[in-house]
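One file, run34.csv, is given below (CSV, C-alpha atoms and all ligand atoms).
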chain,number,residue,atom,x,y,z
V,241,MET,CA,34.1,-42.0,4.3
V,242,ASN,CA,32.3,-38.7,4.0
V,243,ALA,CA,34.2,-35.5,3.3
V,244,SER,CA,34.2,-33.9,6.8
V,245,LEU,CA,35.2,-37.2,8.4
V,246,ALA,CA,38.1,-37.6,5.9
V,247,LEU,CA,39.2,-34.0,6.8
V,248,ALA,CA,39.0,-34.6,10.5
V,249,GLY,CA,40.9,-37.9,10.2
V,250,ILE,CA,40.8,-41.0,12.4
V,251,GLY,CA,43.5,-43.1,14.1
V,252,MET,CA,46.9,-42.3,12.5
V,253,THR,CA,45.4,-39.3,10.8
V,254,SER,CA,43.6,-37.8,13.8
V,255,GLN,CA,43.9,-34.5,15.5
V,256,ARG,CA,45.8,-36.3,18.3
V,257,THR,CA,48.4,-37.6,15.9
V,258,ARG,CA,48.8,-34.1,14.4
V,259,ALA,CA,49.2,-32.7,17.9
V,260,ARG,CA,52.1,-35.2,18.5
V,261,MET,CA,53.7,-33.9,15.3
V,262,VAL,CA,53.5,-30.4,16.7
V,263,GLU,CA,55.0,-31.4,20.0
V,264,ARG,CA,57.9,-33.0,18.1
V,265,LEU,CA,58.4,-29.8,16.1
V,266,ARG,CA,58.5,-27.9,19.4
V,267,ALA,CA,61.2,-30.3,20.7
V,268,GLN,CA,63.1,-29.8,17.4
V,269,GLY,CA,63.2,-26.1,18.2
V,270,VAL,CA,60.3,-24.5,16.3
V,271,ARG,CA,59.1,-21.7,18.6
V,272,ASN,CA,56.7,-19.6,16.5
V,273,GLU,CA,53.3,-20.2,18.0
V,274,SER,CA,51.4,-19.1,14.8
V,275,VAL,CA,53.4,-21.6,12.8
V,276,LEU,CA,52.8,-24.4,15.3
V,277,ALA,CA,49.1,-23.5,15.3
V,278,ALA,CA,48.9,-23.7,11.5
V,279,MET,CA,50.7,-27.1,11.6
V,280,ALA,CA,48.2,-28.3,14.2
V,281,ALA,CA,45.2,-27.0,12.1
V,282,ILE,CA,46.0,-28.1,8.6
V,283,PRO,CA,45.5,-31.9,8.0
V,284,ARG,CA,48.6,-33.0,6.2
V,285,HIS,CA,47.1,-36.5,5.4
V,286,ILE,CA,44.6,-35.1,2.8
V,287,PHE,CA,47.6,-33.8,0.8
V,288,VAL,CA,49.5,-37.1,0.5
V,289,GLU,CA,48.4,-40.2,-1.5
V,290,GLU,CA,45.7,-42.2,0.3
V,291,ALA,CA,48.0,-45.2,0.7
V,292,LEU,CA,50.5,-43.0,2.6
V,293,ALA,CA,48.0,-41.1,4.8
V,294,SER,CA,48.9,-43.1,7.9
V,295,ARG,CA,52.5,-41.8,7.5
V,296,ALA,CA,51.5,-38.2,7.0
V,297,TYR,CA,52.5,-37.0,10.4
V,298,GLU,CA,55.9,-38.7,10.6
V,299,ASP,CA,58.8,-36.3,10.2
V,300,THR,CA,59.7,-37.5,6.7
V,301,ALA,CA,59.4,-36.3,3.1
V,302,LEU,CA,56.9,-38.4,1.2
V,303,PRO,CA,56.4,-39.0,-2.5
V,304,LEU,CA,53.9,-36.8,-4.3
V,305,GLY,CA,54.0,-38.5,-7.7
V,306,CYS,CA,55.7,-37.0,-10.8
V,307,SER,CA,59.1,-37.6,-9.0
V,308,GLN,CA,58.4,-34.8,-6.5
V,309,THR,CA,58.2,-35.0,-2.7
V,310,ILE,CA,56.3,-33.1,-0.1
V,311,SER,CA,58.9,-31.7,2.3
V,312,GLN,CA,59.3,-33.1,5.8
V,313,PRO,CA,57.2,-31.2,8.4
V,314,TYR,CA,60.3,-29.9,10.2
V,315,ILE,CA,61.8,-28.1,7.2
V,316,VAL,CA,58.4,-26.7,6.3
V,317,ALA,CA,57.9,-25.4,9.8
V,318,ARG,CA,61.4,-24.0,10.0
V,319,MET,CA,61.0,-22.1,6.7
V,320,LEU,CA,57.7,-20.7,7.8
V,321,GLU,CA,59.2,-19.6,11.0
V,322,ILE,CA,62.0,-17.7,9.2
V,323,LEU,CA,59.4,-16.1,6.9
V,324,CYS,CA,57.3,-14.9,9.8
V,325,GLU,CA,60.1,-13.3,11.8
V,326,ASN,CA,59.5,-9.6,12.4
V,327,ARG,CA,56.1,-9.8,10.6
V,328,LYS,CA,54.2,-6.7,11.4
V,329,ASN,CA,50.5,-7.8,11.2
V,330,GLY,CA,48.9,-11.0,10.2
V,331,SER,CA,48.7,-10.1,6.5
V,332,GLY,CA,50.8,-9.6,3.4
V,333,LYS,CA,51.1,-11.0,0.0
V,334,ILE,CA,53.2,-14.1,-0.6
V,335,LEU,CA,54.5,-15.8,-3.7
V,336,GLU,CA,55.0,-19.6,-3.4
V,337,ILE,CA,57.1,-21.3,-6.0
V,338,GLY,CA,56.6,-25.1,-6.2
V,339,ALA,CA,53.1,-25.6,-4.8
V,340,GLY,CA,53.3,-29.4,-5.2
V,341,CYS,CA,50.3,-30.9,-3.5
V,342,GLY,CA,49.3,-27.6,-1.9
V,343,TYR,CA,50.2,-28.4,1.7
V,344,GLN,CA,52.4,-25.4,2.3
V,345,THR,CA,49.9,-23.3,0.4
V,346,ALA,CA,47.3,-24.2,3.0
V,347,LEU,CA,49.7,-23.4,5.9
V,348,LEU,CA,50.6,-20.0,4.4
V,349,GLY,CA,46.8,-19.2,4.0
V,350,HIS,CA,46.3,-20.2,7.6
V,351,LEU,CA,49.0,-17.8,8.6
V,352,GLY,CA,47.0,-15.0,7.1
V,353,TYR,CA,49.0,-14.5,3.9
V,354,GLU,CA,47.3,-13.8,0.6
V,355,VAL,CA,48.9,-16.6,-1.4
V,356,TYR,CA,49.9,-16.7,-5.0
V,357,ALA,CA,51.2,-20.2,-5.7
V,358,VAL,CA,52.9,-21.4,-8.9
V,359,GLU,CA,53.6,-25.0,-10.0
V,360,ARG,CA,55.2,-26.1,-13.2
V,361,ILE,CA,53.8,-29.7,-13.4
V,362,ARG,CA,50.1,-29.5,-14.4
V,363,PRO,CA,48.9,-32.8,-12.8
V,364,LEU,CA,50.3,-31.6,-9.5
V,365,LEU,CA,48.6,-28.3,-9.8
V,366,VAL,CA,45.3,-30.0,-10.5
V,367,ARG,CA,45.8,-32.1,-7.4
V,368,ALA,CA,46.7,-29.1,-5.3
V,369,ARG,CA,43.5,-27.3,-6.4
V,370,LYS,CA,41.4,-30.4,-5.5
V,371,ASN,CA,43.2,-30.7,-2.1
V,372,LEU,CA,42.9,-27.0,-1.3
V,373,ALA,CA,39.2,-27.0,-2.1
V,374,GLN,CA,38.7,-28.9,1.1
V,375,ILE,CA,40.3,-26.1,3.2
V,376,PRO,CA,37.8,-23.6,4.3
V,377,ASN,CA,38.4,-19.8,4.0
V,378,LEU,CA,41.6,-20.1,2.1
V,379,LYS,CA,42.9,-17.0,0.2
V,380,ALA,CA,45.1,-18.6,-2.4
V,381,ARG,CA,45.4,-18.3,-6.2
V,382,LEU,CA,47.2,-21.0,-8.2
V,383,LYS,CA,48.9,-20.8,-11.5
V,384,HIS,CA,50.5,-23.3,-13.9
V,385,ALA,CA,53.7,-21.6,-14.9
V,386,ASP,CA,57.5,-21.6,-14.5
V,387,GLY,CA,58.2,-20.1,-11.1
V,388,ASN,CA,61.5,-18.6,-12.2
V,389,LEU,CA,59.4,-15.9,-13.8
V,390,GLY,CA,57.4,-15.2,-10.6
V,391,TRP,CA,54.0,-13.7,-11.0
V,392,PRO,CA,54.6,-10.2,-12.4
V,393,GLU,CA,50.9,-9.1,-12.6
V,394,ALA,CA,50.5,-9.7,-8.8
V,395,ALA,CA,53.9,-8.2,-7.7
V,396,PRO,CA,55.3,-6.8,-5.5
V,397,PHE,CA,55.3,-9.5,-2.8
V,398,ASP,CA,56.1,-9.1,0.9
V,399,ARG,CA,57.4,-12.6,0.9
V,400,VAL,CA,58.6,-15.2,-1.7
V,401,ILE,CA,59.2,-18.8,-0.7
V,402,VAL,CA,60.7,-21.4,-3.0
V,403,ALA,CA,60.3,-25.1,-2.4
V,404,ALA,CA,62.9,-26.3,-4.9
V,405,ALA,CA,66.6,-25.7,-5.0
V,406,ALA,CA,67.9,-23.0,-7.4
V,407,ARG,CA,71.5,-22.9,-8.8
V,408,ALA,CA,71.5,-19.2,-8.3
V,409,VAL,CA,68.9,-16.7,-6.9
V,410,PRO,CA,66.4,-16.1,-9.8
V,411,GLN,CA,66.7,-12.3,-10.7
V,412,GLU,CA,63.0,-12.0,-11.6
V,413,LEU,CA,62.0,-13.1,-8.0
V,414,LEU,CA,64.3,-10.3,-6.6
V,415,ARG,CA,62.6,-7.8,-8.9
V,416,GLN,CA,59.2,-8.8,-7.6
V,417,LEU,CA,60.1,-8.4,-3.9
V,418,ALA,CA,58.5,-5.5,-2.1
V,419,MET,CA,60.7,-3.1,-0.1
V,420,ASN,CA,61.8,-4.8,3.2
V,421,GLY,CA,60.4,-8.0,1.7
V,422,ILE,CA,62.0,-11.4,2.2
V,423,LEU,CA,62.8,-14.2,-0.3
V,424,LEU,CA,63.6,-17.6,1.2
V,425,LEU,CA,64.9,-20.3,-1.0
V,426,PRO,CA,67.2,-23.3,-1.1
V,427,VAL,CA,70.3,-22.7,-3.2
V,428,GLY,CA,72.9,-25.1,-4.6
V,429,GLY,CA,73.4,-28.2,-6.7
V,430,GLY,CA,74.7,-31.1,-4.7
V,431,GLU,CA,75.3,-29.2,-1.4
V,432,GLN,CA,72.3,-27.0,-0.7
V,433,TYR,CA,71.7,-24.3,1.9
V,434,LEU,CA,68.7,-22.1,2.8
V,435,CYS,CA,69.2,-18.6,1.7
V,436,ARG,CA,67.3,-15.6,3.0
V,437,VAL,CA,67.4,-12.4,0.9
V,438,GLN,CA,65.9,-9.2,2.2
V,439,ARG,CA,65.3,-6.1,0.1
V,440,THR,CA,66.5,-3.0,1.9
V,441,PRO,CA,66.7,0.6,0.7
V,442,GLN,CA,70.5,0.0,0.3
V,443,GLY,CA,70.0,-3.2,-1.8
V,444,PHE,CA,69.6,-6.9,-1.3
V,445,SER,CA,71.1,-8.4,1.9
V,446,GLU,CA,71.7,-12.1,1.8
V,447,THR,CA,72.0,-14.5,4.7
V,448,ARG,CA,73.1,-18.1,4.4
V,449,LEU,CA,71.2,-20.5,6.8
V,450,GLU,CA,71.3,-24.2,7.4
V,451,SER,CA,72.0,-27.0,4.9
V,452,VAL,CA,68.9,-28.6,3.3
V,453,ARG,CA,68.0,-31.1,0.6
V,454,PHE,CA,65.3,-30.2,-2.0
V,455,VAL,CA,64.4,-31.3,-5.5
V,456,PRO,CA,65.9,-29.0,-8.2
V,457,LEU,CA,64.1,-25.8,-9.4
V,458,LEU,CA,63.6,-26.6,-13.1
V,459,THR,CA,62.7,-24.3,-16.0
V,460,GLY,CA,59.7,-24.4,-18.3
V,461,VAL,CA,56.4,-26.3,-17.6
V,462,GLU,CA,55.2,-29.8,-18.2
C,501,LIG,N1,55.7,-27.3,-1.1
C,501,LIG,C1,55.4,-28.5,-1.8
C,501,LIG,C2,56.6,-29.3,-2.0
C,501,LIG,C3,56.8,-29.6,-3.4
C,501,LIG,S1,58.3,-30.2,-4.0
C,501,LIG,C4,54.3,-29.3,-1.0
C,501,LIG,O1,53.9,-28.8,0.1
C,501,LIG,O2,53.8,-30.3,-1.6
C,501,LIG,C5,58.9,-28.9,-5.1
C,501,LIG,C6,57.9,-28.5,-6.2
C,501,LIG,O3,58.5,-27.5,-6.9
C,501,LIG,C7,57.6,-29.6,-7.1
C,501,LIG,O4,56.2,-29.8,-7.2
C,501,LIG,C8,58.1,-29.2,-8.5
C,501,LIG,O5,57.3,-29.5,-9.6
C,501,LIG,C9,58.1,-27.7,-8.3
C,501,LIG,N2,59.0,-26.9,-9.1
C,501,LIG,C10,60.3,-27.1,-9.5
C,501,LIG,N3,60.7,-26.2,-10.3
C,501,LIG,C11,59.7,-25.3,-10.5
C,501,LIG,C12,59.5,-24.1,-11.2
C,501,LIG,N4,60.5,-23.6,-12.0
C,501,LIG,N5,58.4,-23.4,-11.2
C,501,LIG,C13,57.3,-23.9,-10.4
C,501,LIG,N6,57.4,-25.1,-9.7
C,501,LIG,C14,58.6,-25.7,-9.7
Could I get this file's structure written as C-alpha cells?
Amino acid sequence: MNASLALAGIGMTSQRTRARMVERLRAQGVRNESVLAAMAAIPRHIFVEEALASRAYEDTALPLGCSQTISQPYIVARMLEILCENRKNGSGKILEIGAGCGYQTALLGHLGYEVYAVERIRPLLVRARKNLAQIPNLKARLKHADGNLGWPEAAPFDRVIVAAAARAVPQELLRQLAMNGILLLPVGGGEQYLCRVQRTPQGFSETRLESVRFVPLLTGVE
C-alpha cells in the first residue's frame, strides 16, 4: 500500500471508523471540540503494530512492544481535555513524558502545542520518530532520556503530561512548570489516580481526579 493510502486507512482503519470512535468518546462525556477534532484527525492505526491496526479504534489499550501499552482512547481524550481547560490561545509549550509510539505526541501537536516528548526506551523512541514522520506539520521534538528529569534546557513548560504512574510527583517536573502551568500525571502504585497540579503565585495546588491504570514511571533509560 502506498504511504498516503496507509495514512488515510481503509475498512476498519478508515476515517469513518475513526469518526465512530469520536462519537463514542462524545457519548462517554468528552466535550472539548478541539480534542475531539484532534482524535478525528490523527490516524491511531499507524501508531499500533500492523497486525493490530484493525483494532486501533476500539476503546482499549493495545500492546506497543517492550511491555508497554498505548493508552485507551478515552483516557487519552480525557487527559487532553483536562489539559486544555482554560487554555488562553491555541499555543504553549508542553512536555510529554512517556512518548511511547508517539500517538499522544501527534494529538498534542494537532492541538497547537509545541511538544517536547521524552521516552526512556530507545526502540520505542525510534518507532515514535518513524510514526510521527508521517504526520504533516507537526511541531515536536523527541528525546531519549529519563522523564523524571524533565527537559531543563527547554523549560519552563505551560503544560506537562505524564503517561506512566509515578509513586510521588517528580520534583524536577514541578520546577520546570511555568507560572499558572498545569502538570497532569497518574500517581500511585497499585491504586492509581489522576493528579492535576497547578503552579500558582501562592504555590502548587493539587487536585485528585479519577482512578486510572497506567504502566509505572521508571527511572533511567534502556
Ligand atoms: N502516550 C503513549 C503511551 C505510552 S505508555 C502512547 O501514546 O503510545 C507509557 C510510556 O512511558 C512507555 O513507553 C514507557 O517506556 C514510558 N516511560 C516510563 N517511565 C518513563 C520515564 N521515566 N521517562 C520516560 N518515559 C518513561
- Show which residues sit within 10 Å of V:Thr300, as a list in words. Count all atoms listed in the file, and ignore same-chain residues fewer than 3 positions away. Arg295, Ala296, Tyr297, Pro303, Thr309, Ile310, Ser311, Gln312, Pro313, Tyr314 and Ile315 of chain V
- Measure the distance from atom CA of V:Gly421 to atom CA of V:Ser331 in Å and round it to one decimal.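 For atom CA of V:Gly421 relative to atom CA of V:Ser331, the distance reads 12.8 Å.
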- Message: My list of candidates is V:Leu458, V:Leu365, V:Ala405, V:Leu413. Which is closest to V:Tyr433 when distances are computed with all atoms listed in the file?
- Response: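 Of all the options, V:Ala405 lies closest to V:Tyr433.
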- Message: Let me make sure I understand: among V:Asn388, V:Gln268, V:Gln374, V:Thr257, which one has the smallest atom-to-atom distance to ligand LIG 501 (chain C) if we use all atoms listed in the file?
- Response: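 Smallest separation from ligand LIG 501 (chain C) among the options: V:Asn388.
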- Item | Env. residues ligand LIG 501 (chain C) / 7 Å / only C-alpha atoms and all ligand atoms / as a PyMOL selection string | chain V and resi 308-311+337-345+358-361+364+385-388+403-404+455-460
- Kindly indicate which residue among V:Pro392, V:Leu335, V:His350, V:Gly429 lies nearest to V:Ile375, using only C-alpha atoms for the distances. V:His350
- Message: Counting all atoms listed in the file, which residue out of V:Gly390, V:Pro396, V:Gly332, V:Pro283 sits closest to V:Asn371?
- Response: V:Pro283
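When atom CA of V:Val437 is paired with atom CA of V:Leu423, their separation reads 5.1 Å.
Using only C-alpha atoms, the residues found no farther than 6 Å from V:Leu424, other than those of its own chain fewer than 3 positions away, are V:Ile401, V:Cys435, V:Arg436.
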- Message: Could you list, as a VMD selection string, every residue within 12 Å of V:Glu393, counting only C-alpha atoms and ignoring same-chain residues fewer than 4 positions away?
- Response: chain V and resid 335 356 383 389 397 416
Export of the given selection (C-alpha atoms) as a compact mmCIF listing (two decimals), in the coordinates of the input:
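Saved file again-v4.txt follows:
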# COMPACT_ATOMS: atom_id res chain seq x y z
CA LEU V 335 54.50 -15.80 -3.70
CA TYR V 356 49.90 -16.70 -5.00
CA LYS V 383 48.90 -20.80 -11.50
CA LEU V 389 59.40 -15.90 -13.80
CA PHE V 397 55.30 -9.50 -2.80
CA GLN V 416 59.20 -8.80 -7.60
- Task: Could you check which of V:Leu372, V:Val427, V:Ala280, V:Met419 is closest to V:Gln442, using all atoms listed in the file?
- Result: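 That would be V:Met419, the residue with the smallest distance to V:Gln442.
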- Task: Choose the residue, out of V:Arg327, V:Arg264, V:Arg256, V:Arg284, that has the smallest atom-to-atom separation from V:Gly352; count only C-alpha atoms.
- Result: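 Ranking V:Arg327, V:Arg264, V:Arg256, V:Arg284 by distance to V:Gly352, first place goes to V:Arg327.
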Write out as a short mmCIF file (atom, residue, chain, number, x, y, z; two decimals) with C-alpha atoms, in the frame of the given file the residues lying within 7 Å of V:Ile334, counting only C-alpha atoms and excluding same-chain residues fewer than 2 positions away.
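Dumped to result.cif:
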data_model
loop_
_atom_site.label_atom_id
_atom_site.label_comp_id
_atom_site.auth_asym_id
_atom_site.auth_seq_id
_atom_site.Cartn_x
_atom_site.Cartn_y
_atom_site.Cartn_z
CA GLY V 332 50.80 -9.60 3.40
CA GLU V 336 55.00 -19.60 -3.40
CA TYR V 353 49.00 -14.50 3.90
CA GLU V 354 47.30 -13.80 0.60
CA VAL V 355 48.90 -16.60 -1.40
CA TYR V 356 49.90 -16.70 -5.00
CA PHE V 397 55.30 -9.50 -2.80
CA ASP V 398 56.10 -9.10 0.90
CA ARG V 399 57.40 -12.60 0.90
CA VAL V 400 58.60 -15.20 -1.70
#
- Task: One decimal, Å: what's the distance from atom CA of V:Pro441 over to atom CA of V:Ala418, could you say?
- Result: 10.6 Å
Atoms added to stretch 327-356 of chain V (N, CA and C atoms), reported as an mmCIF file, keeping the file's coordinate frame:
data_model
loop_
_atom_site.group_PDB
_atom_site.id
_atom_site.type_symbol
_atom_site.label_atom_id
_atom_site.label_comp_id
_atom_site.auth_asym_id
_atom_site.auth_seq_id
_atom_site.Cartn_x
_atom_site.Cartn_y
_atom_site.Cartn_z
ATOM 1 N N ARG V 327 57.291 -10.150 11.476
ATOM 2 C CA ARG V 327 56.100 -9.800 10.600
ATOM 3 C C ARG V 327 55.267 -8.844 11.400
ATOM 4 N N LYS V 328 54.882 -7.757 10.755
ATOM 5 C CA LYS V 328 54.200 -6.700 11.400
ATOM 6 C C LYS V 328 52.760 -7.111 11.878
ATOM 7 N N ASN V 329 51.886 -7.346 10.894
ATOM 8 C CA ASN V 329 50.500 -7.800 11.200
ATOM 9 C C ASN V 329 50.284 -9.095 10.569
ATOM 10 N N GLY V 330 49.115 -9.634 10.763
ATOM 11 C CA GLY V 330 48.900 -11.000 10.200
ATOM 12 C C GLY V 330 48.461 -10.936 8.737
ATOM 13 N N SER V 331 49.123 -10.134 7.932
ATOM 14 C CA SER V 331 48.700 -10.100 6.500
ATOM 15 C C SER V 331 49.916 -9.982 5.622
ATOM 16 N N GLY V 332 49.693 -9.712 4.363
ATOM 17 C CA GLY V 332 50.800 -9.600 3.400
ATOM 18 C C GLY V 332 50.590 -10.528 2.255
ATOM 19 N N LYS V 333 51.273 -10.214 1.174
ATOM 20 C CA LYS V 333 51.100 -11.000 0.000
ATOM 21 C C LYS V 333 52.341 -11.897 -0.183
ATOM 22 N N ILE V 334 52.105 -13.172 -0.468
ATOM 23 C CA ILE V 334 53.200 -14.100 -0.600
ATOM 24 C C ILE V 334 53.172 -14.846 -1.922
ATOM 25 N N LEU V 335 54.333 -15.008 -2.532
ATOM 26 C CA LEU V 335 54.500 -15.800 -3.700
ATOM 27 C C LEU V 335 55.111 -17.125 -3.340
ATOM 28 N N GLU V 336 54.455 -18.230 -3.681
ATOM 29 C CA GLU V 336 55.000 -19.600 -3.400
ATOM 30 C C GLU V 336 55.364 -20.244 -4.690
ATOM 31 N N ILE V 337 56.624 -20.619 -4.820
ATOM 32 C CA ILE V 337 57.100 -21.300 -6.000
ATOM 33 C C ILE V 337 57.203 -22.810 -5.706
ATOM 34 N N GLY V 338 56.520 -23.656 -6.477
ATOM 35 C CA GLY V 338 56.600 -25.100 -6.200
ATOM 36 C C GLY V 338 55.474 -25.513 -5.273
ATOM 37 N N ALA V 339 54.217 -25.300 -5.680
ATOM 38 C CA ALA V 339 53.100 -25.600 -4.800
ATOM 39 C C ALA V 339 52.942 -27.067 -4.505
ATOM 40 N N GLY V 340 53.418 -27.915 -5.424
ATOM 41 C CA GLY V 340 53.300 -29.400 -5.200
ATOM 42 C C GLY V 340 51.889 -29.773 -4.945
ATOM 43 N N CYS V 341 51.670 -30.437 -3.808
ATOM 44 C CA CYS V 341 50.300 -30.900 -3.500
ATOM 45 C C CYS V 341 49.496 -29.835 -2.789
ATOM 46 N N GLY V 342 50.100 -28.691 -2.482
ATOM 47 C CA GLY V 342 49.300 -27.600 -1.900
ATOM 48 C C GLY V 342 49.403 -27.521 -0.367
ATOM 49 N N TYR V 343 50.162 -28.429 0.263
ATOM 50 C CA TYR V 343 50.200 -28.400 1.700
ATOM 51 C C TYR V 343 50.710 -27.107 2.304
ATOM 52 N N GLN V 344 51.862 -26.680 1.785
ATOM 53 C CA GLN V 344 52.400 -25.400 2.300
ATOM 54 C C GLN V 344 51.555 -24.229 1.934
ATOM 55 N N THR V 345 50.887 -24.315 0.794
ATOM 56 C CA THR V 345 49.900 -23.300 0.400
ATOM 57 C C THR V 345 48.883 -23.075 1.465
ATOM 58 N N ALA V 346 48.355 -24.209 1.947
ATOM 59 C CA ALA V 346 47.300 -24.200 3.000
ATOM 60 C C ALA V 346 47.854 -23.559 4.276
ATOM 61 N N LEU V 347 49.096 -23.909 4.627
ATOM 62 C CA LEU V 347 49.700 -23.400 5.900
ATOM 63 C C LEU V 347 49.875 -21.849 5.727
ATOM 64 N N LEU V 348 50.343 -21.401 4.575
ATOM 65 C CA LEU V 348 50.600 -20.000 4.400
ATOM 66 C C LEU V 348 49.232 -19.226 4.461
ATOM 67 N N GLY V 349 48.173 -19.815 3.907
ATOM 68 C CA GLY V 349 46.800 -19.200 4.000
ATOM 69 C C GLY V 349 46.400 -19.127 5.447
ATOM 70 N N HIS V 350 46.659 -20.198 6.216
ATOM 71 C CA HIS V 350 46.300 -20.200 7.600
ATOM 72 C C HIS V 350 47.022 -19.137 8.398
ATOM 73 N N LEU V 351 48.240 -18.844 7.970
ATOM 74 C CA LEU V 351 49.000 -17.800 8.600
ATOM 75 C C LEU V 351 48.556 -16.402 8.273
ATOM 76 N N GLY V 352 47.571 -16.312 7.384
ATOM 77 C CA GLY V 352 47.000 -15.000 7.100
ATOM 78 C C GLY V 352 47.531 -14.358 5.814
ATOM 79 N N TYR V 353 48.420 -15.057 5.117
ATOM 80 C CA TYR V 353 49.000 -14.500 3.900
ATOM 81 C C TYR V 353 47.932 -14.608 2.753
ATOM 82 N N GLU V 354 47.992 -13.647 1.829
ATOM 83 C CA GLU V 354 47.300 -13.800 0.600
ATOM 84 C C GLU V 354 48.238 -14.496 -0.353
ATOM 85 N N VAL V 355 47.911 -15.732 -0.724
ATOM 86 C CA VAL V 355 48.900 -16.600 -1.400
ATOM 87 C C VAL V 355 48.739 -16.631 -2.900
ATOM 88 N N TYR V 356 49.857 -16.470 -3.593
ATOM 89 C CA TYR V 356 49.900 -16.700 -5.000
ATOM 90 C C TYR V 356 50.891 -17.832 -5.237
#
